[in-house]
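**Q** Contents are TSV, C-alpha atoms; file name data.tsv:
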```tsv
chain	number	residue	atom	x	y	z
A	1	MET	CA	-36.12	16.89	-17.39
A	2	LYS	CA	-34.71	13.40	-17.04
A	3	SER	CA	-37.80	12.17	-15.21
A	4	ARG	CA	-40.10	13.33	-18.05
A	5	SER	CA	-37.89	11.61	-20.66
A	6	ALA	CA	-37.95	8.41	-18.66
A	7	SER	CA	-41.75	8.59	-18.44
A	8	ARG	CA	-42.06	8.85	-22.21
A	9	ALA	CA	-39.74	5.90	-22.77
A	10	LEU	CA	-41.49	3.70	-20.25
A	11	ALA	CA	-44.95	4.58	-21.54
A	12	ALA	CA	-44.31	2.47	-24.64
A	13	ALA	CA	-44.12	-0.68	-22.54
A	14	THR	CA	-47.28	-2.64	-21.70
A	15	ARG	CA	-47.72	-2.48	-17.93
A	16	PRO	CA	-48.24	-5.71	-15.95
A	17	ALA	CA	-51.21	-6.36	-13.70
A	18	SER	CA	-48.97	-5.34	-10.79
A	19	ARG	CA	-45.78	-3.37	-11.34
A	20	PRO	CA	-42.54	-5.06	-10.26
A	21	SER	CA	-41.60	-4.11	-6.72
A	22	SER	CA	-38.23	-2.77	-7.78
A	23	LEU	CA	-37.03	-1.19	-10.99
A	24	GLY	CA	-33.39	-2.01	-11.53
A	25	PHE	CA	-31.33	0.41	-13.58
A	26	ALA	CA	-28.70	-2.17	-14.44
A	27	ARG	CA	-27.85	-2.37	-18.15
A	28	HIS	CA	-29.42	-5.40	-19.87
A	29	GLU	CA	-27.86	-6.46	-23.17
A	30	SER	CA	-31.02	-8.35	-24.10
A	31	THR	CA	-34.52	-8.57	-22.75
A	32	SER	CA	-35.54	-11.64	-24.73
A	33	SER	CA	-34.96	-15.26	-23.84
A	34	THR	CA	-34.57	-15.99	-27.56
A	35	ALA	CA	-32.24	-13.13	-28.33
A	36	SER	CA	-29.37	-15.48	-29.12
A	37	SER	CA	-30.99	-16.11	-32.50
A	38	SER	CA	-31.19	-12.38	-33.23
A	39	SER	CA	-28.42	-9.92	-33.99
A	40	TRP	CA	-30.00	-7.16	-31.89
A	41	THR	CA	-27.75	-5.10	-29.64
A	42	PRO	CA	-28.60	-1.86	-27.82
A	43	VAL	CA	-28.26	1.08	-30.19
A	44	VAL	CA	-27.03	3.41	-27.44
A	45	PRO	CA	-24.02	2.58	-25.27
A	46	ALA	CA	-24.78	2.10	-21.59
A	47	GLY	CA	-24.84	5.22	-19.45
A	48	GLN	CA	-25.42	7.76	-22.22
A	49	ILE	CA	-29.23	7.97	-21.97
A	50	PRO	CA	-30.54	6.97	-18.54
A	51	ALA	CA	-34.13	6.82	-19.84
A	52	TYR	CA	-33.10	4.28	-22.48
A	53	ASP	CA	-31.32	2.15	-19.87
A	54	ALA	CA	-34.39	2.40	-17.61
A	55	ALA	CA	-36.71	1.30	-20.44
A	56	LEU	CA	-34.64	-1.82	-21.11
A	57	ALA	CA	-34.52	-2.61	-17.40
A	58	PHE	CA	-38.28	-2.14	-17.10
A	59	LEU	CA	-38.97	-4.49	-20.01
A	60	ASN	CA	-36.69	-7.10	-18.50
A	61	GLU	CA	-38.36	-6.83	-15.08
A	62	TYR	CA	-41.77	-6.98	-16.73
A	63	LYS	CA	-40.87	-10.15	-18.63
A	64	SER	CA	-39.57	-11.80	-15.46
A	65	ALA	CA	-42.81	-11.00	-13.64
A	66	SER	CA	-44.84	-12.28	-16.62
A	67	ASP	CA	-42.88	-15.54	-16.76
A	68	SER	CA	-43.58	-16.11	-13.06
A	69	GLU	CA	-47.29	-15.47	-13.59
A	70	ILE	CA	-47.41	-17.85	-16.57
A	71	GLU	CA	-45.68	-20.55	-14.54
A	72	ARG	CA	-48.23	-20.10	-11.75
A	73	LEU	CA	-51.21	-20.29	-14.13
A	74	ARG	CA	-49.91	-23.43	-15.83
A	75	LYS	CA	-49.89	-25.26	-12.50
A	76	LEU	CA	-53.64	-24.68	-12.20
A	77	PRO	CA	-56.34	-26.77	-13.96
A	78	SER	CA	-56.55	-25.87	-17.65
A	79	THR	CA	-59.60	-23.95	-18.85
A	80	PRO	CA	-60.24	-21.98	-22.10
A	81	GLU	CA	-60.23	-18.73	-20.15
A	82	ARG	CA	-56.95	-19.58	-18.41
A	83	SER	CA	-55.33	-20.59	-21.71
A	84	ALA	CA	-56.42	-17.30	-23.26
A	85	ARG	CA	-54.96	-15.44	-20.29
A	86	ILE	CA	-51.61	-17.22	-20.63
A	87	HIS	CA	-51.57	-16.42	-24.35
A	88	GLN	CA	-52.20	-12.73	-23.67
A	89	ILE	CA	-49.50	-12.52	-21.01
A	90	GLU	CA	-46.98	-14.16	-23.36
A	91	VAL	CA	-47.76	-11.58	-26.05
A	92	ASN	CA	-47.67	-8.61	-23.68
A	93	SER	CA	-44.36	-9.65	-22.15
A	94	LEU	CA	-42.52	-9.58	-25.50
A	95	VAL	CA	-44.47	-7.34	-27.85
A	96	ASN	CA	-42.28	-4.31	-27.01
A	97	ASP	CA	-39.05	-6.28	-26.57
A	98	PRO	CA	-36.37	-4.86	-28.94
A	99	ALA	CA	-34.74	-8.25	-29.57
A	100	THR	CA	-38.09	-9.85	-30.45
A	101	ARG	CA	-39.05	-7.02	-32.77
A	102	ARG	CA	-35.65	-7.17	-34.48
A	103	GLN	CA	-36.08	-10.91	-34.97
A	104	PHE	CA	-39.51	-10.35	-36.52
A	105	ARG	CA	-38.15	-7.70	-38.89
A	106	GLU	CA	-35.40	-10.10	-40.01
A	107	THR	CA	-37.59	-13.20	-40.46
A	108	GLY	CA	-41.16	-11.97	-40.83
A	109	GLY	CA	-41.96	-14.64	-38.26
A	110	LYS	CA	-41.31	-17.50	-40.69
A	111	GLY	CA	-40.49	-20.68	-38.79
A	112	LEU	CA	-41.41	-18.96	-35.51
A	113	MET	CA	-45.21	-18.95	-35.66
A	114	ASP	CA	-45.39	-21.33	-32.69
A	115	ARG	CA	-44.66	-18.22	-30.59
A	116	PRO	CA	-47.82	-16.19	-29.84
A	117	VAL	CA	-45.94	-12.89	-30.05
A	118	MET	CA	-44.81	-13.64	-33.63
A	119	ARG	CA	-48.40	-14.38	-34.70
A	120	HIS	CA	-49.51	-11.18	-33.01
A	121	LEU	CA	-46.88	-9.10	-34.79
A	122	ALA	CA	-47.71	-10.73	-38.14
A	123	GLN	CA	-51.40	-9.94	-37.66
A	124	LYS	CA	-50.70	-6.32	-36.76
A	125	ARG	CA	-48.32	-5.84	-39.69
A	126	TRP	CA	-50.94	-7.22	-42.11
A	127	GLU	CA	-53.59	-4.91	-40.69
A	128	LYS	CA	-51.53	-1.74	-40.16
A	129	GLU	CA	-49.37	-1.78	-43.29
A	130	GLY	CA	-52.42	-1.79	-45.54
A	131	GLY	CA	-52.50	-5.38	-46.79
A	132	LEU	CA	-55.88	-6.20	-45.29
A	133	ASP	CA	-57.45	-2.81	-46.01
A	134	ARG	CA	-56.24	-2.83	-49.62
A	135	LEU	CA	-57.58	-6.34	-50.18
A	136	MET	CA	-60.99	-5.55	-48.71
A	137	GLN	CA	-61.20	-2.32	-50.70
A	138	ARG	CA	-60.65	-4.28	-53.93
A	139	VAL	CA	-63.12	-6.97	-52.89
A	140	GLU	CA	-65.88	-4.44	-52.25
A	141	GLN	CA	-65.03	-2.13	-55.15
A	142	MET	CA	-65.10	-5.03	-57.62
A	143	GLY	CA	-68.40	-6.40	-56.34
A	144	VAL	CA	-67.28	-9.68	-54.79
A	145	VAL	CA	-69.60	-8.43	-52.07
A	146	PRO	CA	-72.53	-8.84	-52.73
A	147	ASP	CA	-72.22	-10.78	-56.03
A	148	LEU	CA	-70.64	-13.86	-54.40
A	149	VAL	CA	-71.26	-13.43	-50.69
A	150	GLY	CA	-73.20	-11.07	-48.47
A	151	GLY	CA	-70.25	-10.14	-46.25
A	152	ILE	CA	-66.62	-11.06	-46.00
A	153	ARG	CA	-63.45	-10.30	-44.04
A	154	GLY	CA	-60.45	-12.57	-44.26
A	155	SER	CA	-58.56	-13.35	-41.08
A	156	ALA	CA	-55.34	-14.75	-42.60
A	157	PRO	CA	-52.88	-13.12	-45.05
A	158	ILE	CA	-52.72	-14.76	-48.48
A	159	THR	CA	-50.07	-14.41	-51.21
A	160	PHE	CA	-50.88	-15.15	-54.85
A	161	SER	CA	-48.02	-15.49	-57.38
A	162	THR	CA	-47.52	-16.52	-61.01
A	163	SER	CA	-44.29	-17.14	-62.91
A	164	GLN	CA	-44.14	-13.34	-63.35
A	165	GLY	CA	-44.05	-12.73	-59.59
A	166	GLU	CA	-46.50	-11.72	-56.86
A	167	VAL	CA	-49.90	-10.54	-58.11
A	168	GLU	CA	-51.63	-7.44	-56.77
A	169	PRO	CA	-55.18	-8.36	-55.68
A	170	GLY	CA	-57.74	-7.37	-58.32
A	171	SER	CA	-55.20	-6.69	-61.09
A	172	ILE	CA	-55.85	-7.83	-64.66
A	173	GLN	CA	-53.81	-10.88	-65.72
A	174	LEU	CA	-53.35	-12.41	-69.16
A	175	PRO	CA	-55.19	-15.74	-69.49
A	176	SER	CA	-52.01	-17.42	-70.78
A	177	ALA	CA	-50.18	-16.46	-67.56
A	178	LEU	CA	-52.57	-18.75	-65.66
A	179	GLU	CA	-52.60	-21.78	-67.92
A	180	ASN	CA	-51.19	-23.67	-64.92
A	181	PRO	CA	-52.19	-23.21	-61.28
A	182	PRO	CA	-50.46	-20.28	-59.55
A	183	SER	CA	-48.75	-20.40	-56.18
A	184	LEU	CA	-51.05	-19.63	-53.28
A	185	ASN	CA	-49.58	-19.30	-49.79
A	186	VAL	CA	-51.62	-18.67	-46.64
A	187	GLN	CA	-50.37	-18.16	-43.09
A	188	ILE	CA	-52.87	-19.21	-40.42
A	189	LEU	CA	-52.50	-16.93	-37.40
A	190	ASP	CA	-54.91	-18.39	-34.86
A	191	ASN	CA	-54.10	-21.24	-32.50
A	192	THR	CA	-56.52	-23.81	-33.93
A	193	ASP	CA	-56.01	-27.00	-35.92
A	194	ALA	CA	-58.64	-27.26	-38.66
A	195	LEU	CA	-59.41	-28.59	-42.13
A	196	TYR	CA	-59.88	-26.11	-44.97
A	197	THR	CA	-61.35	-26.04	-48.47
A	198	LEU	CA	-59.82	-24.08	-51.35
A	199	LEU	CA	-61.96	-23.04	-54.30
A	200	VAL	CA	-61.49	-20.74	-57.28
A	201	VAL	CA	-64.66	-19.23	-58.75
A	202	ASP	CA	-65.30	-17.23	-61.92
A	203	ALA	CA	-68.02	-14.78	-60.88
A	204	ASP	CA	-68.75	-13.73	-64.48
A	205	ALA	CA	-69.23	-16.93	-66.49
A	206	PRO	CA	-71.78	-16.31	-69.32
A	207	ASN	CA	-74.99	-18.33	-68.93
A	208	TYR	CA	-76.67	-19.12	-72.27
A	209	GLU	CA	-79.97	-20.25	-70.80
A	210	THR	CA	-80.64	-17.20	-68.62
A	211	GLN	CA	-78.87	-14.71	-70.94
A	212	SER	CA	-76.92	-13.48	-67.92
A	213	TYR	CA	-73.92	-14.47	-65.81
A	214	SER	CA	-73.40	-17.26	-63.29
A	215	GLN	CA	-70.56	-18.66	-61.18
A	216	ARG	CA	-68.22	-21.29	-62.58
A	217	LEU	CA	-65.95	-23.40	-60.38
A	218	HIS	CA	-62.37	-23.52	-61.66
A	219	TYR	CA	-60.83	-25.46	-58.78
A	220	TYR	CA	-61.90	-27.34	-55.66
A	221	LYS	CA	-59.73	-28.98	-53.00
A	222	SER	CA	-60.83	-30.07	-49.53
A	223	ASP	CA	-59.32	-31.53	-46.33
A	224	ILE	CA	-56.35	-29.15	-46.27
A	225	SER	CA	-54.87	-29.47	-42.78
A	226	LEU	CA	-53.54	-26.12	-41.56
A	227	ASN	CA	-52.53	-24.46	-38.30
A	228	HIS	CA	-50.19	-21.68	-37.26
A	229	SER	CA	-47.15	-23.97	-37.24
A	230	THR	CA	-47.56	-25.32	-40.80
A	231	GLY	CA	-46.30	-21.98	-42.11
A	232	GLU	CA	-46.69	-20.80	-45.67
A	233	GLN	CA	-47.08	-23.58	-48.21
A	234	ASP	CA	-48.40	-23.86	-51.75
A	235	LEU	CA	-52.06	-24.83	-51.39
A	236	PHE	CA	-52.05	-26.05	-55.00
A	237	GLY	CA	-49.29	-28.57	-54.18
A	238	SER	CA	-50.01	-32.22	-54.98
A	239	GLY	CA	-49.35	-33.38	-51.42
A	240	VAL	CA	-51.77	-30.92	-49.83
A	241	GLY	CA	-55.43	-31.85	-49.27
A	242	LYS	CA	-57.77	-33.81	-51.54
A	243	GLU	CA	-58.35	-32.42	-55.02
A	244	ALA	CA	-61.94	-32.94	-56.23
A	245	LEU	CA	-61.88	-30.71	-59.33
A	246	GLY	CA	-58.54	-29.88	-60.95
A	247	TRP	CA	-57.38	-26.52	-62.24
A	248	GLU	CA	-59.31	-25.12	-65.18
A	249	ALA	CA	-57.48	-22.23	-66.82
A	250	PRO	CA	-59.32	-18.91	-67.19
A	251	LEU	CA	-60.49	-18.57	-70.81
A	252	PRO	CA	-62.77	-15.51	-71.06
A	253	PRO	CA	-64.65	-15.58	-74.41
A	254	ARG	CA	-64.59	-12.61	-76.74
A	255	GLY	CA	-67.26	-10.08	-75.88
A	256	SER	CA	-67.92	-11.46	-72.38
A	257	GLY	CA	-66.21	-8.53	-70.63
A	258	VAL	CA	-63.87	-8.62	-67.65
A	259	HIS	CA	-64.08	-11.75	-65.49
A	260	ARG	CA	-63.42	-11.80	-61.73
A	261	TYR	CA	-61.64	-14.95	-60.51
A	262	VAL	CA	-61.85	-15.28	-56.73
A	263	PHE	CA	-59.73	-17.51	-54.47
A	264	LEU	CA	-61.56	-18.55	-51.30
A	265	LEU	CA	-60.11	-20.53	-48.40
A	266	LEU	CA	-62.93	-21.82	-46.19
A	267	ARG	CA	-62.77	-23.49	-42.82
A	268	GLN	CA	-64.64	-26.73	-43.44
A	269	SER	CA	-67.83	-27.75	-41.73
A	270	SER	CA	-68.74	-31.38	-41.09
A	271	SER	CA	-71.69	-31.14	-43.48
A	272	SER	CA	-69.83	-29.76	-46.53
A	273	SER	CA	-69.45	-32.09	-49.53
A	274	ALA	CA	-67.41	-31.76	-52.73
A	275	PRO	CA	-69.27	-30.61	-55.87
A	276	THR	CA	-69.41	-32.82	-58.97
A	277	GLN	CA	-69.82	-30.14	-61.63
A	278	ARG	CA	-68.41	-26.71	-62.38
A	279	GLU	CA	-71.42	-24.92	-63.90
A	280	ASP	CA	-73.86	-22.76	-61.92
A	281	PHE	CA	-71.88	-22.97	-58.70
A	282	ASP	CA	-73.15	-21.06	-55.67
A	283	VAL	CA	-70.67	-19.90	-53.03
A	284	ARG	CA	-73.44	-18.76	-50.70
A	285	SER	CA	-74.93	-22.26	-50.51
A	286	LEU	CA	-71.55	-23.65	-49.42
A	287	ILE	CA	-71.20	-21.01	-46.71
A	288	GLU	CA	-74.77	-21.69	-45.54
A	289	GLN	CA	-73.67	-25.28	-44.81
A	290	GLY	CA	-71.37	-23.89	-42.12
A	291	SER	CA	-68.12	-23.10	-43.96
A	292	GLU	CA	-66.36	-19.95	-42.79
A	293	ILE	CA	-64.21	-17.71	-45.00
A	294	THR	CA	-60.65	-17.57	-43.66
A	295	ALA	CA	-58.70	-16.02	-46.54
A	296	LEU	CA	-59.36	-14.71	-50.03
A	297	SER	CA	-57.80	-13.00	-53.01
A	298	LEU	CA	-58.76	-12.32	-56.61
A	299	PHE	CA	-57.54	-11.36	-60.05
A	300	ARG	CA	-59.31	-10.28	-63.23
A	301	SER	CA	-58.88	-11.38	-66.83
A	302	LYS	CA	-60.41	-10.59	-70.22
A	303	TRP	CA	-60.24	-11.47	-73.89
A	304	THR	CA	-57.72	-9.54	-75.97
A	305	LYS	CA	-56.60	-9.82	-79.59
A	306	GLY	CA	-53.14	-10.89	-78.47
A	307	GLU	CA	-54.60	-13.76	-76.40
A	308	ASN	CA	-57.19	-14.86	-78.98
A	309	SER	CA	-55.15	-17.72	-80.49
A	310	TYR	CA	-54.26	-19.09	-77.05
A	311	ILE	CA	-57.88	-18.88	-75.85
A	312	GLU	CA	-59.28	-20.56	-78.97
A	313	GLU	CA	-56.74	-23.40	-78.94
A	314	THR	CA	-56.95	-24.04	-75.19
A	315	TYR	CA	-60.75	-23.84	-75.15
A	316	ARG	CA	-60.98	-26.54	-77.84
A	317	LYS	CA	-58.54	-28.70	-75.88
A	318	VAL	CA	-60.36	-28.29	-72.55
A	319	HIS	CA	-64.02	-28.24	-73.65
A	320	GLY	CA	-63.90	-30.08	-76.99
A	321	VAL	CA	-65.82	-27.32	-78.80
A	322	GLU	CA	-65.11	-23.93	-80.33
A	323	VAL	CA	-64.99	-20.98	-77.96
A	324	PRO	CA	-68.24	-18.97	-78.08
A	325	VAL	CA	-68.21	-15.35	-79.22
A	326	PHE	CA	-70.45	-12.72	-77.63
A	327	GLU	CA	-71.14	-9.63	-79.69
A	328	LYS	CA	-73.22	-6.52	-79.16
A	329	ALA	CA	-76.78	-6.72	-80.46
A	330	PRO	CA	-77.30	-4.99	-83.83
A	331	LYS	CA	-78.76	-1.49	-83.72
A	332	GLU	CA	-81.98	-2.66	-85.37
A	333	LEU	CA	-82.57	-5.07	-82.51
A	334	ARG	CA	-81.63	-2.57	-79.83
A	335	TYR	CA	-83.81	0.23	-81.19
A	336	GLY	CA	-86.63	-1.86	-82.69
A	337	MET	CA	-86.30	-0.45	-86.24
A	338	PRO	CA	-84.15	-1.35	-89.26
A	339	LEU	CA	-81.26	0.86	-90.37
A	340	ASN	CA	-80.47	1.61	-93.99
A	341	LYS	CA	-77.08	0.78	-95.46
A	342	ARG	CA	-75.67	4.27	-94.94
A	343	SER	CA	-76.83	4.38	-91.32
A	344	MET	CA	-75.38	0.95	-90.66
A	345	GLU	CA	-71.98	2.04	-92.03
A	346	ARG	CA	-72.13	5.23	-89.97
A	347	GLU	CA	-72.88	3.22	-86.82
A	348	ARG	CA	-70.04	0.80	-87.59
A	349	ILE	CA	-67.53	3.65	-87.93
A	350	ARG	CA	-68.81	5.26	-84.72
A	351	GLU	CA	-68.49	1.98	-82.80
A	352	GLU	CA	-64.92	1.43	-84.05
A	353	ALA	CA	-63.93	4.98	-83.12
A	354	TRP	CA	-65.41	4.56	-79.67
A	355	GLU	CA	-63.59	1.28	-79.06
A	356	LYS	CA	-60.31	2.86	-80.23
A	357	ALA	CA	-60.84	5.82	-77.89
A	358	LEU	CA	-61.41	3.47	-74.96
A	359	GLU	CA	-58.18	1.60	-75.72
A	360	ASP	CA	-56.29	4.92	-75.62
A	361	ILE	CA	-57.69	6.13	-72.28
A	362	VAL	CA	-58.23	2.88	-70.35
A	363	GLY	CA	-55.22	0.98	-69.03
A	364	GLU	CA	-54.64	-2.78	-68.71
A	365	ASN	CA	-56.05	-2.77	-65.19
A	366	GLY	CA	-59.31	-1.15	-66.33
A	367	GLU	CA	-58.50	2.24	-64.79
A	368	VAL	CA	-58.69	5.50	-66.74
A	369	LYS	CA	-55.32	6.90	-67.73
A	370	VAL	CA	-54.74	10.44	-66.43
A	371	GLU	CA	-51.95	12.61	-67.81
A	372	LYS	CA	-50.07	14.58	-65.17
A	373	ILE	CA	-49.76	18.29	-65.86
```
How does this structure look as structure tokens?
**A**
Amino acid sequence: MKSRSASRALAAATRPASRPSSLGFARHESTSSTASSSSWTPVVPAGQIPAYDAALAFLNEYKSASDSEIERLRKLPSTPERSARIHQIEVNSLVNDPATRRQFRETGGKGLMDRPVMRHLAQKRWEKEGGLDRLMQRVEQMGVVPDLVGGIRGSAPITFSTSQGEVEPGSIQLPSALENPPSLNVQILDNTDALYTLLVVDADAPNYETQSYSQRLHYYKSDISLNHSTGEQDLFGSGVGKEALGWEAPLPPRGSGVHRYVFLLLRQSSSSSAPTQREDFDVRSLIEQGSEITALSLFRSKWTKGENSYIEETYRKVHGVEVPVFEKAPKELRYGMPLNKRSMERERIREEAWEKALEDIVGENGEVKVEKI
């Protein structure tokens, strides 16, 4: 019975290329070389569960063997393959270490992203706890793919916050809540130094000439130097990168529907150049120049009666003209025949009743309200 319990406990550990020659059963208070910075202690006193003691001993032996292998590889000429091998051994030697995992739970890896195992754990947490899946579900459900790009999958977690707190990707935000740039923090998880470009695009800007919608650029900043060790920082900060086009607050006109505002962090290519105008922007053309999407998020916003005064005043201040108003086409234009006065009044009442019904059943986030029985 004890042997089967020990097998289950040891199965959780990642086995080395060659198992250590001897498996000591001595009690190890810590298996991590950095455990002094963590408050982890064994949860079971020594001698009570032999399988638990054996698991800790195995992890310690495994780490010692891994450290020896890393030391041997580092004495050899450096190659990309050998560097990748060293990185993988470092991760495997600590990924199941209780002290390391406790340290990650306490810190989230902040300030420790120079350690490969911390980046690995951060990546797995983002993927397995639903952050990545939830983001991609919103991106696809709300048509960012294919309206902006043909395909997309961010590789770095991104956090978007206003003065009201962290924003759920895809949620509807009041325009006045984004009069000033939000906070946007990204943690790079790969081991590469690179320059990045941040842009914010309105995917639903009304286009008068084509009587349809086009993309409008609300922000553009390039030459943002990031790597795994820079940690989370506000990408809208004045000391980060080179700002080509400053923040333009979202001001959706009345009747233009719900607007999607998308944050995109792109790994720069040598051929990319900063745009000079905001109208009729095309994200695809920028990606075709060689830029690669690293992180993304989005929010939605729309005109409301409560925000009308703010939108009108801010639009005049920013654009120097009155905010346009988009209304539904009259019935006589839609149906190709005039309506008499009584029919027009009947249609007006029907339209008002329909709009009121929508307000009662559709929530702020655009989802239908469902009463629980």
**Q** So which residues touch Leu245 of chain A within 10 Å, counting all atoms listed in the file, skipping near sequence neighbours fewer than 2 positions away, as a list in words?
**A**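 Answer for this query is Leu199, Leu217, His218, Tyr219, Tyr220, Lys221, Ser222, Lys242, Glu243, Trp247, Glu248, Ala274, Pro275, Thr276, Gln277 and Arg278 of chain A.
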**Q** Take the residues just selected and output them with C-alpha atoms as a PDB file, in the coordinates of the input.
**A**
```pdb
ATOM      1  CA  LEU A 199     -61.960 -23.040 -54.300  1.00  0.00           C
ATOM      2  CA  LEU A 217     -65.950 -23.400 -60.380  1.00  0.00           C
ATOM      3  CA  HIS A 218     -62.370 -23.520 -61.660  1.00  0.00           C
ATOM      4  CA  TYR A 219     -60.830 -25.460 -58.780  1.00  0.00           C
ATOM      5  CA  TYR A 220     -61.900 -27.340 -55.660  1.00  0.00           C
ATOM      6  CA  LYS A 221     -59.730 -28.980 -53.000  1.00  0.00           C
ATOM      7  CA  SER A 222     -60.830 -30.070 -49.530  1.00  0.00           C
ATOM      8  CA  LYS A 242     -57.770 -33.810 -51.540  1.00  0.00           C
ATOM      9  CA  GLU A 243     -58.350 -32.420 -55.020  1.00  0.00           C
ATOM     10  CA  TRP A 247     -57.380 -26.520 -62.240  1.00  0.00           C
ATOM     11  CA  GLU A 248     -59.310 -25.120 -65.180  1.00  0.00           C
ATOM     12  CA  ALA A 274     -67.410 -31.760 -52.730  1.00  0.00           C
ATOM     13  CA  PRO A 275     -69.270 -30.610 -55.870  1.00  0.00           C
ATOM     14  CA  THR A 276     -69.410 -32.820 -58.970  1.00  0.00           C
ATOM     15  CA  GLN A 277     -69.820 -30.140 -61.630  1.00  0.00           C
ATOM     16  CA  ARG A 278     -68.410 -26.710 -62.380  1.00  0.00           C
TER      17      ARG A 278
END
```
**Q** Nearest to Phe299 of chain A: which of A:Ala55, A:Ala194, A:Ala122, A:Val201 is it, counting only C-alpha atoms?
**A**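 The closest residue to Phe299 of chain A is A:Val201.
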**Q** Please measure the separation of atom CA of Pro253 of chain A and atom CA of Glu279 of chain A, giving the value in Å to one decimal.
**A** 15.6 Å
**Q** Which value, in Å to one decimal, gives the distance between atom CA of Val258 of chain A and atom CA of Glu345 of chain A?
**A** 27.8 Å
**Q** For a quick check of understanding, using all atoms listed in the file, which of A:Arg267, A:Arg254, A:Lys124, A:Arg260 has the smallest distance to Ser225 of chain A?
**A** A:Arg267
**Q** Which residue, A:Thr192, A:Ala249, A:Ser238, A:Met118, has the smallest gap to Glu106 of chain A when you use only C-alpha atoms?
**A** A:Met118
**Q** Rounded to one decimal in Å, what is the spacing between atom CA of Arg72 of chain A and atom CA of Ile188 of chain A?
**A** 29.1 Å
**Q** Would you pick out the contacts of Gly257 of chain A at 10 Å or less, using only C-alpha atoms, so that residues sharing its chain but fewer than 4 positions from it are not included, and give the list as a list in words?
**A**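 Selected residues are Asp204, Ala205, Pro206, Pro252, Pro253, Ser301, Lys302, Trp303 and Phe326 of chain A.
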**Q** Got time to write the residues from that selection, C-alpha atoms, as a compact mmCIF listing (two decimals), in the coordinates of the input?
**A**
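Contents of selection30.txt, freshly written:
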```
# COMPACT_ATOMS: atom_id res chain seq x y z
CA ASP A 204 -68.75 -13.73 -64.48
CA ALA A 205 -69.23 -16.93 -66.49
CA PRO A 206 -71.78 -16.31 -69.32
CA PRO A 252 -62.77 -15.51 -71.06
CA PRO A 253 -64.65 -15.58 -74.41
CA SER A 301 -58.88 -11.38 -66.83
CA LYS A 302 -60.41 -10.59 -70.22
CA TRP A 303 -60.24 -11.47 -73.89
CA PHE A 326 -70.45 -12.72 -77.63
```
**Q** Determine, counting only C-alpha atoms, which protein, DNA and RNA residues have an atom within 10 Å of an atom of Gly111 of chain A; residues of the same chain fewer than 6 positions away are not included. Present the result as a VMD selection string.
**A** chain A and resid 118 228 to 232
**Q** Quick one: segment 122-133 of chain A with N, CA and C atoms, as a short mmCIF file (atom, residue, chain, number, x, y, z; two decimals), keeping the file's coordinate frame?
**A**
```cif
data_model
loop_
_atom_site.label_atom_id
_atom_site.label_comp_id
_atom_site.auth_asym_id
_atom_site.auth_seq_id
_atom_site.Cartn_x
_atom_site.Cartn_y
_atom_site.Cartn_z
N ALA A 122 -47.34 -10.50 -36.73
CA ALA A 122 -47.71 -10.73 -38.14
C ALA A 122 -49.11 -10.20 -38.43
N GLN A 123 -50.03 -10.43 -37.50
CA GLN A 123 -51.40 -9.94 -37.66
C GLN A 123 -51.43 -8.41 -37.71
N LYS A 124 -50.71 -7.77 -36.81
CA LYS A 124 -50.70 -6.32 -36.76
C LYS A 124 -50.04 -5.73 -38.01
N ARG A 125 -48.97 -6.35 -38.48
CA ARG A 125 -48.32 -5.84 -39.69
C ARG A 125 -49.26 -5.92 -40.88
N TRP A 126 -50.00 -7.05 -41.00
CA TRP A 126 -50.94 -7.22 -42.11
C TRP A 126 -52.05 -6.17 -42.05
N GLU A 127 -52.50 -5.87 -40.84
CA GLU A 127 -53.59 -4.91 -40.69
C GLU A 127 -53.10 -3.47 -40.84
N LYS A 128 -51.96 -3.13 -40.22
CA LYS A 128 -51.53 -1.74 -40.16
C LYS A 128 -50.77 -1.29 -41.39
N GLU A 129 -50.12 -2.19 -42.11
CA GLU A 129 -49.37 -1.78 -43.29
C GLU A 129 -50.22 -1.77 -44.55
N GLY A 130 -51.52 -1.98 -44.41
CA GLY A 130 -52.42 -1.79 -45.54
C GLY A 130 -52.79 -3.02 -46.32
N GLY A 131 -52.19 -4.18 -46.02
CA GLY A 131 -52.50 -5.38 -46.79
C GLY A 131 -53.96 -5.77 -46.70
N LEU A 132 -54.49 -5.81 -45.49
CA LEU A 132 -55.88 -6.20 -45.29
C LEU A 132 -56.83 -5.14 -45.83
N ASP A 133 -56.57 -3.88 -45.53
CA ASP A 133 -57.45 -2.81 -46.01
C ASP A 133 -57.47 -2.74 -47.53
#
```
